[in-house]
>>> print(open('my_file_22.txt').read())   # compact mmCIF, C-alpha atoms and all ligand atoms
# COMPACT_ATOMS: atom_id res chain seq x y z
CA MET A 1 -60.91 -12.80 66.75
CA PRO A 2 -57.85 -13.56 68.89
CA LYS A 3 -54.80 -11.44 68.17
CA PRO A 4 -51.97 -13.16 66.29
CA ARG A 5 -49.06 -14.21 68.45
CA VAL A 6 -45.68 -12.64 67.86
CA THR A 7 -42.45 -13.25 69.70
CA ALA A 8 -40.08 -10.38 70.41
CA ASP A 9 -36.75 -10.10 72.17
CA GLY A 10 -36.78 -7.48 74.84
CA PRO A 11 -37.25 -5.65 76.97
CA LEU A 12 -39.06 -3.60 74.35
CA ALA A 13 -39.36 0.17 74.72
CA ALA A 14 -42.68 0.85 76.49
CA GLU A 15 -44.12 2.73 73.51
CA ILE A 16 -43.29 -0.05 71.07
CA ASN A 17 -44.66 -2.63 73.44
CA ALA A 18 -47.91 -0.66 73.76
CA ARG A 19 -48.26 -0.09 70.01
CA LEU A 20 -47.58 -3.73 69.17
CA SER A 21 -49.94 -4.95 71.89
CA GLU A 22 -52.86 -3.16 70.23
CA HIS A 23 -52.58 -5.64 67.37
CA VAL A 24 -50.72 -8.73 68.55
CA GLU A 25 -50.10 -10.85 71.60
CA ILE A 26 -46.41 -10.60 72.47
CA LEU A 27 -44.73 -13.75 73.64
CA PRO A 28 -41.33 -13.53 75.36
CA TRP A 29 -38.46 -14.83 73.21
CA GLN A 30 -37.48 -17.66 75.50
CA VAL A 31 -41.04 -18.84 75.94
CA ALA A 32 -41.48 -19.02 72.17
CA LEU A 33 -38.18 -20.87 71.78
CA ASP A 34 -39.09 -23.39 74.45
CA GLY A 35 -42.16 -24.27 72.36
CA SER A 36 -45.60 -22.88 73.12
CA ALA A 37 -49.03 -24.44 72.86
CA GLU A 38 -50.23 -21.79 70.38
CA PRO A 39 -48.39 -21.20 67.11
CA VAL A 40 -46.38 -18.01 66.68
CA ALA A 41 -47.16 -16.08 63.48
CA GLY A 42 -44.42 -13.46 63.56
CA ILE A 43 -41.01 -12.55 64.91
CA TYR A 44 -40.07 -9.00 65.92
CA THR A 45 -36.33 -8.53 66.43
CA TYR A 46 -35.63 -5.48 68.56
CA GLY A 47 -31.99 -6.01 69.54
CA HIS A 48 -29.88 -8.41 67.55
CA PRO A 49 -31.10 -11.88 68.58
CA ARG A 50 -30.07 -14.73 66.31
CA VAL A 51 -32.80 -16.10 64.07
CA ASP A 52 -31.84 -19.26 62.20
CA GLY A 53 -33.27 -22.42 60.71
CA GLY A 54 -33.25 -24.19 64.08
CA MET A 55 -35.43 -21.50 65.60
CA LEU A 56 -37.75 -21.38 62.61
CA ASP A 57 -38.17 -25.16 62.72
CA ARG A 58 -39.46 -24.77 66.27
CA LEU A 59 -41.84 -22.00 65.12
CA PRO A 60 -43.33 -23.39 61.90
CA GLY A 61 -46.22 -20.89 61.84
CA VAL A 62 -44.00 -17.83 61.33
CA ARG A 63 -44.96 -15.81 58.24
CA ILE A 64 -43.06 -12.54 58.88
CA ILE A 65 -39.82 -11.44 60.55
CA SER A 66 -39.68 -7.70 61.21
CA ASN A 67 -36.41 -6.16 62.29
CA TYR A 68 -36.18 -2.87 64.20
CA GLY A 69 -33.12 -1.57 62.37
CA VAL A 70 -31.43 -1.89 59.01
CA GLY A 71 -28.66 -4.44 59.70
CA VAL A 72 -29.91 -8.03 59.57
CA ASP A 73 -26.65 -9.91 60.11
CA HIS A 74 -28.20 -11.63 63.15
CA ILE A 75 -30.79 -13.26 60.89
CA VAL A 76 -29.60 -16.20 58.78
CA LEU A 77 -31.17 -15.03 55.53
CA ALA A 78 -30.55 -18.28 53.63
CA ASP A 79 -32.50 -20.22 56.28
CA VAL A 80 -35.32 -17.68 56.11
CA ALA A 81 -35.40 -17.63 52.30
CA ALA A 82 -35.53 -21.44 52.22
CA ARG A 83 -38.78 -21.14 54.18
CA LYS A 84 -40.05 -18.26 52.01
CA ILE A 85 -40.57 -15.96 55.00
CA PRO A 86 -40.30 -12.22 54.23
CA VAL A 87 -37.90 -10.14 56.36
CA GLY A 88 -38.63 -6.45 56.88
CA ASN A 89 -36.12 -3.81 57.98
CA THR A 90 -35.87 -0.03 58.27
CA PRO A 91 -33.40 1.32 55.69
CA GLY A 92 -32.96 5.02 54.98
CA VAL A 93 -34.36 6.58 58.13
CA LEU A 94 -31.22 6.07 60.19
CA ASP A 95 -28.61 7.22 57.68
CA GLY A 96 -28.38 10.80 58.94
CA ALA A 97 -28.26 9.85 62.62
CA THR A 98 -25.59 7.20 62.03
CA ALA A 99 -23.47 9.57 59.93
CA ASP A 100 -23.82 12.20 62.68
CA MET A 101 -22.57 9.57 65.13
CA ALA A 102 -19.57 8.77 62.92
CA PHE A 103 -18.69 12.43 62.98
CA THR A 104 -19.35 12.76 66.69
CA LEU A 105 -16.86 9.95 67.28
CA LEU A 106 -14.37 11.34 64.78
CA LEU A 107 -14.37 14.81 66.33
CA ALA A 108 -14.43 13.58 69.91
CA SER A 109 -11.49 11.29 69.27
CA ALA A 110 -9.46 13.82 67.25
CA ARG A 111 -9.87 16.49 69.91
CA ARG A 112 -9.70 14.09 72.86
CA LEU A 113 -13.03 15.30 74.17
CA VAL A 114 -13.90 12.35 76.38
CA GLU A 115 -10.43 12.27 77.91
CA GLY A 116 -10.65 16.05 78.36
CA ASP A 117 -14.08 15.79 79.99
CA ARG A 118 -12.75 13.23 82.47
CA TYR A 119 -9.78 15.47 83.27
CA ALA A 120 -11.83 18.69 83.53
CA ARG A 121 -14.04 17.04 86.18
CA SER A 122 -11.17 15.43 88.07
CA PRO A 123 -9.52 16.83 91.22
CA GLY A 124 -6.29 16.86 89.21
CA PHE A 125 -7.39 19.80 87.02
CA THR A 126 -6.18 22.80 88.99
CA VAL A 127 -3.97 24.61 86.49
CA TYR A 128 -4.52 25.29 82.80
CA ASP A 129 -1.62 24.10 80.66
CA PRO A 130 -1.37 24.98 76.94
CA GLY A 131 0.81 21.92 76.45
CA TYR A 132 -1.63 19.20 77.45
CA MET A 133 -3.93 16.98 75.41
CA LEU A 134 -3.01 18.10 71.95
CA GLY A 135 -5.26 16.47 69.38
CA ARG A 136 -5.15 16.08 65.62
CA GLU A 137 -6.75 18.34 63.03
CA VAL A 138 -9.88 17.32 61.22
CA HIS A 139 -10.01 19.99 58.52
CA ASP A 140 -7.60 19.33 55.67
CA ALA A 141 -7.19 15.72 56.83
CA THR A 142 -8.04 12.70 54.64
CA ILE A 143 -11.00 10.54 55.53
CA GLY A 144 -11.21 7.05 54.01
CA ILE A 145 -14.73 5.68 53.97
CA VAL A 146 -15.01 1.91 53.65
CA GLY A 147 -18.47 1.38 52.15
CA LEU A 148 -20.06 4.27 50.30
CA GLY A 149 -23.63 3.11 50.75
CA ARG A 150 -26.46 5.23 52.09
CA ILE A 151 -24.70 5.92 55.41
CA GLY A 152 -21.24 6.25 53.84
CA ARG A 153 -22.52 8.92 51.48
CA GLN A 154 -23.93 10.93 54.37
CA ILE A 155 -20.56 10.67 56.10
CA ALA A 156 -18.84 11.91 52.92
CA ARG A 157 -21.12 14.97 52.80
CA ARG A 158 -20.30 15.85 56.39
CA ALA A 159 -16.59 15.34 55.72
CA ARG A 160 -16.67 17.78 52.79
CA ALA A 161 -18.31 20.38 55.02
CA PHE A 162 -15.30 19.97 57.32
CA ASP A 163 -12.92 20.63 54.41
CA MET A 164 -11.63 17.07 54.42
CA THR A 165 -10.28 15.15 51.44
CA VAL A 166 -12.64 12.23 50.91
CA VAL A 167 -11.57 8.87 49.51
CA TYR A 168 -13.61 5.70 49.63
CA HIS A 169 -13.53 2.03 48.83
CA ASN A 170 -16.51 -0.01 47.77
CA ARG A 171 -17.18 -3.36 46.21
CA ARG A 172 -17.86 -1.39 43.04
CA THR A 173 -17.02 2.16 41.95
CA ARG A 174 -19.80 4.71 41.91
CA PRO A 175 -18.70 7.10 39.19
CA GLU A 176 -22.12 8.73 39.21
CA GLY A 177 -21.73 9.70 42.85
CA ASP A 178 -18.09 10.66 43.04
CA ALA A 179 -18.37 14.08 41.43
CA ALA A 180 -21.34 15.22 43.49
CA LEU A 181 -19.76 14.03 46.71
CA GLU A 182 -16.25 15.11 45.75
CA ALA A 183 -15.11 11.67 46.86
CA ARG A 184 -12.44 9.65 45.07
CA TYR A 185 -12.53 5.87 44.68
CA ILE A 186 -9.29 4.09 45.61
CA GLY A 187 -8.16 0.55 46.42
CA PHE A 188 -8.67 -0.78 49.94
CA GLU A 189 -4.98 -1.01 50.84
CA GLU A 190 -4.30 2.44 49.43
CA LEU A 191 -7.15 3.84 51.53
CA LEU A 192 -5.67 2.31 54.68
CA LYS A 193 -2.24 3.74 53.85
CA ILE A 194 -3.24 7.35 53.16
CA SER A 195 -6.22 8.04 55.43
CA ASP A 196 -5.98 10.00 58.66
CA TYR A 197 -9.43 8.70 59.61
CA VAL A 198 -10.60 5.29 58.40
CA VAL A 199 -14.37 5.00 58.82
CA LEU A 200 -16.14 1.65 58.50
CA SER A 201 -19.70 1.77 57.15
CA VAL A 202 -20.21 -1.61 55.51
CA PRO A 203 -22.79 -4.22 56.50
CA LEU A 204 -21.49 -7.30 58.31
CA SER A 205 -21.36 -10.26 55.93
CA PRO A 206 -19.00 -13.20 55.37
CA ALA A 207 -17.02 -10.86 53.07
CA THR A 208 -16.59 -8.11 55.70
CA ARG A 209 -16.14 -10.21 58.86
CA GLY A 210 -12.58 -9.59 60.07
CA LEU A 211 -11.98 -7.05 57.28
CA ILE A 212 -9.69 -5.11 59.62
CA GLY A 213 -7.10 -7.31 61.28
CA ARG A 214 -3.42 -7.21 62.07
CA ASP A 215 -2.26 -6.80 58.44
CA GLN A 216 -4.71 -4.00 57.69
CA LEU A 217 -3.91 -2.12 60.91
CA ALA A 218 -0.22 -2.41 60.02
CA LEU A 219 -0.91 -0.50 56.79
CA MET A 220 -2.46 2.45 58.63
CA LYS A 221 -0.41 5.51 59.55
CA PRO A 222 0.77 5.77 63.17
CA THR A 223 -1.21 9.02 63.28
CA ALA A 224 -4.42 7.45 61.94
CA THR A 225 -7.68 6.76 63.74
CA LEU A 226 -10.09 3.88 63.09
CA ILE A 227 -13.80 4.64 63.44
CA ASN A 228 -16.40 1.87 63.42
CA VAL A 229 -20.10 2.69 63.18
CA ALA A 230 -20.98 -0.55 61.37
CA ARG A 231 -20.67 -3.84 63.25
CA GLY A 232 -18.08 -5.03 65.77
CA PRO A 233 -16.97 -8.24 64.01
CA ILE A 234 -15.75 -6.26 60.99
CA VAL A 235 -12.70 -5.53 63.17
CA ASN A 236 -10.61 -8.19 64.87
CA THR A 237 -10.77 -7.04 68.49
CA ALA A 238 -7.52 -8.69 69.60
CA SER A 239 -5.57 -7.14 66.73
CA LEU A 240 -7.07 -3.71 67.40
CA THR A 241 -6.28 -3.92 71.11
CA GLU A 242 -2.70 -4.85 70.29
CA ALA A 243 -2.27 -2.03 67.74
CA LEU A 244 -3.68 0.55 70.15
CA THR A 245 -1.69 -0.70 73.13
CA GLU A 246 1.52 -0.57 71.13
CA ARG A 247 0.50 2.81 69.65
CA ARG A 248 0.89 1.49 66.11
CA ILE A 249 -2.17 3.56 65.24
CA LEU A 250 -3.16 6.72 67.07
CA ALA A 251 -6.66 5.90 68.25
CA ALA A 252 -9.96 4.13 67.71
CA ALA A 253 -13.49 5.47 68.08
CA LEU A 254 -16.06 2.71 68.27
CA ASP A 255 -19.84 2.67 68.35
CA VAL A 256 -19.81 -1.11 68.04
CA THR A 257 -17.56 -3.86 69.40
CA ASP A 258 -17.07 -7.61 69.23
CA PRO A 259 -18.36 -8.94 71.51
CA GLU A 260 -20.96 -6.32 72.35
CA PRO A 261 -20.74 -5.33 75.10
CA LEU A 262 -17.09 -6.14 75.76
CA PRO A 263 -16.35 -8.00 79.01
CA ARG A 264 -16.09 -5.32 81.70
CA ASN A 265 -12.42 -6.11 82.30
CA HIS A 266 -11.43 -6.06 78.61
CA PRO A 267 -8.05 -4.35 78.03
CA LEU A 268 -9.56 -2.15 75.28
CA LEU A 269 -11.68 -0.42 77.93
CA LYS A 270 -8.57 0.63 79.83
CA LEU A 271 -6.94 2.50 76.95
CA ASP A 272 -7.00 6.30 76.76
CA ASN A 273 -6.73 6.22 72.98
CA VAL A 274 -10.13 4.55 72.63
CA THR A 275 -13.41 6.46 72.53
CA ILE A 276 -16.32 4.09 72.88
CA ALA A 277 -20.10 4.39 72.72
CA PRO A 278 -22.70 1.72 73.52
CA HIS A 279 -24.09 1.30 69.98
CA LEU A 280 -25.79 4.69 69.72
CA GLY A 281 -25.62 5.18 65.93
CA SER A 282 -29.35 5.53 65.38
CA ALA A 283 -30.22 6.54 68.94
CA THR A 284 -32.09 9.79 68.45
CA VAL A 285 -35.71 10.36 69.41
CA GLN A 286 -36.70 11.17 65.83
CA THR A 287 -34.88 8.29 64.13
CA ARG A 288 -36.01 5.69 66.64
CA GLN A 289 -39.61 6.90 66.16
CA GLN A 290 -39.34 6.28 62.42
CA MET A 291 -37.70 2.89 62.98
CA ALA A 292 -40.60 1.96 65.25
CA ASP A 293 -43.21 3.15 62.72
CA ILE A 294 -41.66 1.18 59.85
CA SER A 295 -40.91 -2.00 61.78
CA ILE A 296 -44.41 -2.15 63.28
CA GLU A 297 -46.00 -1.53 59.88
CA ASN A 298 -43.78 -4.22 58.30
CA LEU A 299 -44.84 -6.68 60.98
CA LEU A 300 -48.55 -6.00 60.57
CA ARG A 301 -48.36 -6.11 56.78
CA GLY A 302 -46.48 -9.40 56.93
CA LEU A 303 -49.08 -10.90 59.25
CA ARG A 304 -51.78 -9.88 56.77
CA GLY A 305 -49.77 -11.33 53.88
CA GLU A 306 -49.30 -7.89 52.26
CA PRO A 307 -46.10 -6.50 50.69
CA LEU A 308 -43.80 -4.90 53.27
CA LEU A 309 -42.70 -1.27 53.27
CA PHE A 310 -39.10 -2.52 53.06
CA GLU A 311 -38.18 -6.14 52.43
CA VAL A 312 -34.65 -7.51 52.73
CA ARG A 313 -33.47 -9.49 49.72
CA ALA A 314 -31.24 -12.47 50.57
C1 LIG A 401 -30.27 -0.19 65.65
C2 LIG A 401 -28.41 -0.77 64.00
O1 LIG A 401 -30.44 0.67 66.70
O2 LIG A 401 -30.11 -0.50 62.37
C3 LIG A 401 -29.08 -1.07 62.70
O3 LIG A 401 -28.54 -1.91 61.95
O4 LIG A 401 -27.37 -1.24 64.22
C4 LIG A 401 -28.94 0.11 65.06
O5 LIG A 401 -28.87 1.42 64.62
C5 LIG A 401 -30.40 -1.57 66.12
O6 LIG A 401 -30.38 -2.50 65.10
C6 LIG A 401 -31.64 -1.78 66.98
O7 LIG A 401 -31.33 -2.74 67.87
>>> encode(input="my_file_22.txt", output="structure tokens")
Amino acid sequence: MPKPRVTADGPLAAEINARLSEHVEILPWQVALDGSAEPVAGIYTYGHPRVDGGMLDRLPGVRIISNYGVGVDHIVLADVAARKIPVGNTPGVLDGATADMAFTLLLASARRLVEGDRYARSPGFTVYDPGYMLGREVHDATIGIVGLGRIGRQIARRARAFDMTVVYHNRRTRPEGDAALEARYIGFEELLKISDYVVLSVPLSPATRGLIGRDQLALMKPTATLINVARGPIVNTASLTEALTERRILAAALDVTDPEPLPRNHPLLKLDNVTIAPHLGSATVQTRQQMADISIENLLRGLRGEPLLFEVRA
């Protein structure tokens, strides 16, 4: 029996490529899009390639879309649902790693670690000076978590361990969770006004696109830091660049940007008050292994017409 054909954006990690190839024939993304002689039965999204109705119309044989990751904002779910194609993702396994990353960014930014590392390696560092590079305290500060979902809750737990006051904003209150997490629900504007660290952990959707723009940044304290471990387009990049350049907020620490990556000459990349990572939220050996296991299993189940381990609901 010939192996089913699946298209994947790449380059795929060698291990994933090898594991998939045991079961399916992998067709490069562009080749599949250009129209191939043989029908494609599945789509494996490894990065964040757009999947929409136009693509699916060119690949009418697709019966499963499996995403390596939890966020599926690059897949137009309405188009997929209209064609009754299941979409699999990998929720849960990356919550801890992503929350660790939020805290890595928070601490690094507060204590100016990246700036300090650059200086400590530079020829300029010849004399210790107790007056340089003073940061901001993390303990006793207020963290405002926008989105107390699975990842947001893990961030809240870490924040409590650092003796922070935790406030959050969600589409709906979670009274059942507040007490255990020692986190207090407040309005969005109030959160922006009182938080020393505003952390974004909401999925990208029409409701969250551009959630942080000029008006929202203007509400933040001049000593506050914005941390984004969610998706770049939740923040308006031009407004953030302006606020940071004019020092209207203290700093930003970003695991994601819009666009991603930023153009190499983007003004945001020149600012000392920005700490930036190349989308490393879930990038640990252990988490990526679990993401691979689940996404491969979802793909194979979908090809066989079986229920997925995790299926995204539109
Ligand atoms: C993944 C992510 O690494 O799961 C997500 O939504 O953003 C990342 O942690 C990414 O999707 C894989 O490309």
>>> closest_atom_pairs(input="my_file_22.txt", of="chain A", to="ligand LIG 401 (chain A)", cutoff="10 Å", atoms="all atoms listed in the file", output="CSV")
residue,atom,partner,partner_atom,distance
A:Thr45,CA,A:LIG401,O7,7.8
A:Tyr46,CA,A:LIG401,O7,5.1
A:Gly47,CA,A:LIG401,O7,3.7
A:His48,CA,A:LIG401,O7,5.9
A:Pro49,CA,A:LIG401,O7,9.2
A:Asn67,CA,A:LIG401,O6,7.6
A:Tyr68,CA,A:LIG401,C6,5.4
A:Gly69,CA,A:LIG401,O2,3.2
A:Val70,CA,A:LIG401,O2,3.9
A:Gly71,CA,A:LIG401,O3,3.4
A:Val72,CA,A:LIG401,O3,6.7
A:Asp73,CA,A:LIG401,O3,8.4
A:His74,CA,A:LIG401,O6,9.6
A:Asn89,CA,A:LIG401,O2,8.1
A:Thr90,CA,A:LIG401,O2,7.1
A:Pro91,CA,A:LIG401,O2,7.7
A:Gly92,CA,A:LIG401,O2,9.7
A:Val93,CA,A:LIG401,O2,9.3
A:Leu94,CA,A:LIG401,O5,6.8
A:Asp95,CA,A:LIG401,O5,9.0
A:Ala97,CA,A:LIG401,O5,8.7
A:Thr98,CA,A:LIG401,O5,7.1
A:Pro203,CA,A:LIG401,O3,8.3
A:Leu204,CA,A:LIG401,O3,9.6
A:Val229,CA,A:LIG401,O4,8.3
A:Ala230,CA,A:LIG401,O4,7.0
A:Arg231,CA,A:LIG401,O4,7.3
A:Asp255,CA,A:LIG401,O4,9.4
A:Val256,CA,A:LIG401,O4,8.5
A:His279,CA,A:LIG401,C4,7.0
A:Leu280,CA,A:LIG401,O5,6.8
A:Gly281,CA,A:LIG401,O5,5.1
A:Ser282,CA,A:LIG401,O5,4.2
A:Ala283,CA,A:LIG401,O1,6.3
A:Thr284,CA,A:LIG401,O1,9.4
A:Thr287,CA,A:LIG401,O5,9.1
A:Arg288,CA,A:LIG401,O1,7.5
A:Met291,CA,A:LIG401,O2,8.3
A:Ala292,CA,A:LIG401,C6,9.9
>>> atom_distance(input="my_file_22.txt", atom1="atom CA of Gly131 of chain A", atom2="atom CA of Leu226 of chain A")
25.0 Å
>>> closest_residue(input="my_file_22.txt", among="A:Pro233, A:Pro60, A:Gly116, A:Pro222", to="Pro206 of chain A", atoms="only C-alpha atoms")
A:Pro233
>>> closest_residue(input="my_file_22.txt", among="A:Gly124, A:Gly302, A:Pro263, A:Pro130", to="Ile43 of chain A", atoms="all atoms listed in the file")
A:Gly302
>>> residues_around(input="my_file_22.txt", residues="segment 100-103 of chain A", least_positions_apart="5", cutoff="12 Å", atoms="all atoms listed in the file", output="PyMOL selection string")
chain A and resi 94-95+108-111+138+143+145+151-162+197-201+226-230+252-256+275-284+287
>>> atom_distance(input="my_file_22.txt", atom1="atom CA of Ala32 of chain A", atom2="atom CA of Leu20 of chain A")
16.7 Å
>>> atom_distance(input="my_file_22.txt", atom1="atom CA of Ala141 of chain A", atom2="atom CA of Ala224 of chain A")
10.1 Å
>>> residues_near_point(input="my_file_22.txt", point="(-6.3, 4.5, 53.7)", cutoff="12 Å", atoms="only C-alpha atoms", output="number ranges by chain")
A: 141-146, 165-169, 184-200, 212, 216-226
>>> closest_residue(input="my_file_22.txt", among="A:Pro261, A:Pro28, A:Gly61, A:Gly232", to="Tyr44 of chain A", atoms="only C-alpha atoms")
A:Pro28
>>> closest_residue(input="my_file_22.txt", among="A:Glu15, A:Thr7, A:Ser122, A:Arg172", to="Gly149 of chain A", atoms="all atoms listed in the file")
A:Arg172
>>> closest_residue(input="my_file_22.txt", among="A:Thr241, A:Thr208, A:Leu250, A:Ala14", to="Leu269 of chain A", atoms="all atoms listed in the file")
A:Thr241
>>> residues_around(input="my_file_22.txt", residues="Leu56 of chain A", least_positions_apart="5", cutoff="10 Å", atoms="all atoms listed in the file", output="list in words")
Leu33, Ile43, Val51, Gly61, Val62, Asp79, Val80, Arg83 and Ile85 of chain A
>>> write_last_selection(input="my_file_22.txt", atoms="C-alpha atoms", output="PDB file, in the coordinates of the input")
ATOM      1  CA  LEU A  33     -38.180 -20.870  71.780  1.00  0.00           C
ATOM      2  CA  ILE A  43     -41.010 -12.550  64.910  1.00  0.00           C
ATOM      3  CA  VAL A  51     -32.800 -16.100  64.070  1.00  0.00           C
ATOM      4  CA  GLY A  61     -46.220 -20.890  61.840  1.00  0.00           C
ATOM      5  CA  VAL A  62     -44.000 -17.830  61.330  1.00  0.00           C
ATOM      6  CA  ASP A  79     -32.500 -20.220  56.280  1.00  0.00           C
ATOM      7  CA  VAL A  80     -35.320 -17.680  56.110  1.00  0.00           C
ATOM      8  CA  ARG A  83     -38.780 -21.140  54.180  1.00  0.00           C
ATOM      9  CA  ILE A  85     -40.570 -15.960  55.000  1.00  0.00           C
TER      10      ILE A  85
END
>>> closest_residue(input="my_file_22.txt", among="A:Gly147, A:Ala238, A:Met1, A:Asn298", to="Asn170 of chain A", atoms="all atoms listed in the file")
A:Gly147
>>> residues_around(input="my_file_22.txt", residues="Arg214 of chain A", least_positions_apart="5", cutoff="9 Å", atoms="only C-alpha atoms", output="PyMOL selection string")
chain A and resi 219+236+238-240+242-243
